[in-house]
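What follows is a short report on a single structure.
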Number of protein chains: 2
Amino acid sequence: MTNSVRPGTDRGLLIVLSGPSGVGKGTVCAALRKCAPDLVYSVSATTRAARAGEIDGVNYFFKTKEQFRSMIERDELLEWAEYVGNYYGTPRSFVEQTLNEGKDIILEIEVQGALKVKEKFPEGVFIFLTPPSLTELESRIVGRGTESEESIRNRMTVAVDEIRLMEQYDYAVVNDQVELACQRIQAILIAEHCRRERVLPRIQKWMEEVH
Amino acid sequence: MTNSVRPGTDRGLLIVLSGPSGVGKGTVCAALRKCAPDLVYSVSATTRAARAGEIDGVNYFFKTKEQFRSMIERDELLEWAEYVGNYYGTPRSFVEQTLNEGKDIILEIEVQGALKVKEKFPEGVFIFLTPPSLTELESRIVGRGTESEESIRNRMTVAVDEIRLMEQYDYAVVNDQVELACQRIQAILIAEHCRRERVLPRIQKWMEEVH
């Protein structure tokens, strides 16, 4: 990776992007796909049926329940959860393979799932996407216009609990504007590749060659 | 600082840019002045006489030897050194004042001086500028065309010793191209402002206001 602002390192980085429901994780990730085309997106495994147009290995890795359970048993998932009768999870092999190819991979996931990933993959870079304020988060949830007052109150309570978990993350990116949030995430990627502990092995290599 | 990729934080960051002689610290700093106009540059104190056109408080803080020694005694310098009969040092007050105004300040300094700053100011962000290889550093030193073979050998020995000190720094930025090195330093600045421990106090503040 010469002539690139991202310095050449042998191994890629796992970026975990999380944050409370309603903060705009999906929108920021969609914007990142445009401005950071080299970034690979983690593909989840699921037991739900493929919908029209969905491709195995692109949208999801489609698995039977038996296959999924055996992945759990063999510790092949960085995290998994059951939702409305189906399993969803993050296959470790796809992440590892991408990192070994020297590419960075991003995983967009809810707050609890991200913390499970951290247990199995502490060397990941954990980014918490936060609203500019609680008022702003509430107006985004209300703005969808699909939820009852009670449901909004419940979601706000959950969001507040989730924001408390921010302290287990490495970075907190304020999603005040999607483009700015994207630029911050890209800056974090470049900076993480410049961290001394990541660059040092290469330098030590050429120091040994001389002496 | 709204509408800025640099998230609003109350206090600025001290960036210490160092690296072996010949690596191009001055060139990178000059380029940064253009592409990062909001960054403040640390002004050194010195006992040497002002040259034509030099302005006190802009190029240097010009001090008498007596004044300088009393600054040392009162611990008013983040680091200092004697060079060819004159004192040079970094006044802490200028750095603190800039940080309290919420501005980032950069200090370009040789490797030993940077490590002295780290003792007094561990919360700084320490960036080591490294050549792409030792061969490249040697050709840059030779390229100046002003040094004897022995002097080049000596400088390379010093450089190798200095590069070993890289492990005390937070980041290692490869100076393969000046513009890329600048972009990496700017990315590090943005990322450091997004570090969870820097953002968290603001978030906790608006969490308290609600509950």
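Residue numbering restarts at 1 for every chain of the structure tokens, chains are lettered A, B, ... in their displayed order, and ligands are numbered from 1 as they appear.
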Please list as an NGL selection string every residue within 12 Å of A:Lys103, counting only C-alpha atoms and excluding residues in the same chain fewer than 6 positions away.
:A and (1 or 6-15 or 36-42 or 94-97 or 189 or 193)
Mind dumping a table of every chain B residue within 7 Å of chain A, with the nearest atom pair and its distance in Å to one decimal, using only C-alpha atoms, sorted by chain and rising number, as CSV?
```
residue,atom,partner,partner_atom,distance
B:Val5,CA,A:Leu180,CA,5.2
B:Ser133,CA,A:Trp206,CA,6.8
B:Glu167,CA,A:Arg196,CA,6.7
B:Tyr169,CA,A:Arg196,CA,6.6
B:Asp170,CA,A:Arg196,CA,5.5
B:Tyr171,CA,A:Arg196,CA,4.4
B:Ala172,CA,A:Arg196,CA,4.9
B:Val173,CA,A:Cys194,CA,5.8
B:Leu180,CA,A:Val5,CA,5.2
B:Gln183,CA,A:Val5,CA,6.7
B:Arg184,CA,A:Val5,CA,6.4
B:Ala187,CA,A:Ala187,CA,4.3
B:Ile188,CA,A:Ala191,CA,4.7
B:Ile190,CA,A:Ala187,CA,6.2
B:Ala191,CA,A:Ile188,CA,4.7
B:Cys194,CA,A:Tyr171,CA,5.5
B:Arg195,CA,A:Tyr171,CA,4.4
B:Arg196,CA,A:Tyr171,CA,4.3
B:Val199,CA,A:Ala172,CA,6.3
B:Trp206,CA,A:Ser133,CA,6.8
```
Output for the residues just chosen: N, CA and C atoms as a short mmCIF file (atom, residue, chain, number, x, y, z; two decimals), in the first residue's frame:
```
data_model
loop_
_atom_site.label_atom_id
_atom_site.label_comp_id
_atom_site.auth_asym_id
_atom_site.auth_seq_id
_atom_site.Cartn_x
_atom_site.Cartn_y
_atom_site.Cartn_z
N VAL B 5 -14.87 18.79 11.59
CA VAL B 5 -14.60 17.37 11.77
C VAL B 5 -13.92 17.14 13.12
N SER B 133 13.01 4.05 5.53
CA SER B 133 14.05 3.04 5.77
C SER B 133 15.33 3.76 6.18
N GLU B 167 9.85 3.57 20.76
CA GLU B 167 8.90 2.79 21.55
C GLU B 167 8.31 3.56 22.72
N TYR B 169 6.98 6.47 22.22
CA TYR B 169 6.02 7.39 21.60
C TYR B 169 4.67 6.70 21.40
N ASP B 170 3.62 7.51 21.18
CA ASP B 170 2.28 6.96 20.95
C ASP B 170 2.09 6.53 19.50
N TYR B 171 2.64 7.32 18.58
CA TYR B 171 2.44 7.06 17.16
C TYR B 171 3.77 7.10 16.43
N ALA B 172 3.85 6.36 15.32
CA ALA B 172 5.00 6.43 14.43
C ALA B 172 4.48 6.75 13.03
N VAL B 173 4.83 7.92 12.53
CA VAL B 173 4.37 8.35 11.20
C VAL B 173 5.54 8.24 10.23
N LEU B 180 1.49 13.03 2.61
CA LEU B 180 0.90 11.88 3.30
C LEU B 180 1.20 11.95 4.80
N GLN B 183 -1.20 14.38 6.29
CA GLN B 183 -2.55 13.84 6.39
C GLN B 183 -2.64 12.87 7.57
N ARG B 184 -1.57 12.09 7.78
CA ARG B 184 -1.59 11.14 8.90
C ARG B 184 -1.61 11.89 10.23
N ALA B 187 -5.01 13.21 10.80
CA ALA B 187 -5.91 12.12 11.19
C ALA B 187 -5.71 11.78 12.67
N ILE B 188 -4.46 11.76 13.11
CA ILE B 188 -4.16 11.46 14.52
C ILE B 188 -4.82 12.50 15.43
N ILE B 190 -7.54 14.35 14.82
CA ILE B 190 -9.00 14.13 14.84
C ILE B 190 -9.32 12.92 15.71
N ALA B 191 -8.59 11.82 15.49
CA ALA B 191 -8.84 10.59 16.26
C ALA B 191 -8.65 10.82 17.75
N CYS B 194 -11.46 12.21 19.38
CA CYS B 194 -12.60 11.28 19.48
C CYS B 194 -12.36 10.20 20.52
N ARG B 195 -11.21 10.19 21.18
CA ARG B 195 -10.97 9.13 22.17
C ARG B 195 -12.02 9.22 23.26
N ARG B 196 -12.53 8.04 23.61
CA ARG B 196 -13.65 7.95 24.55
C ARG B 196 -13.41 8.78 25.81
N VAL B 199 -14.20 12.40 25.16
CA VAL B 199 -15.59 12.75 24.82
C VAL B 199 -16.52 12.51 26.02
N TRP B 206 -24.48 15.85 29.69
CA TRP B 206 -25.88 15.91 29.25
C TRP B 206 -26.70 14.72 29.73
#
```
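Chain copies chain A and chain B align, over all their C-alpha atoms in order, to a least-squares RMSD of 0.0 Å.
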Shell around stretch 111-123 of chain B at 6 Å using only C-alpha atoms, local window under 2 positions removed, as a list in words:
Ser18, Gly19, Leu78 and Glu79 of chain B
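Put simply, atom CA of A:Ile72 is 18.4 Å away from atom CA of A:Gly57.
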Give me, as an NGL selection string, the residues of stretch 71-195 of chain B that a backbone DSSP run labels helix (DSSP H, G or I).
:B and (71-73 or 92-100 or 111-120 or 134-143 or 149-168 or 178-193)
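Taking atom CA of B:Gly143 as the reference point, atom CA of B:Gly22 is found at 10.1 Å.
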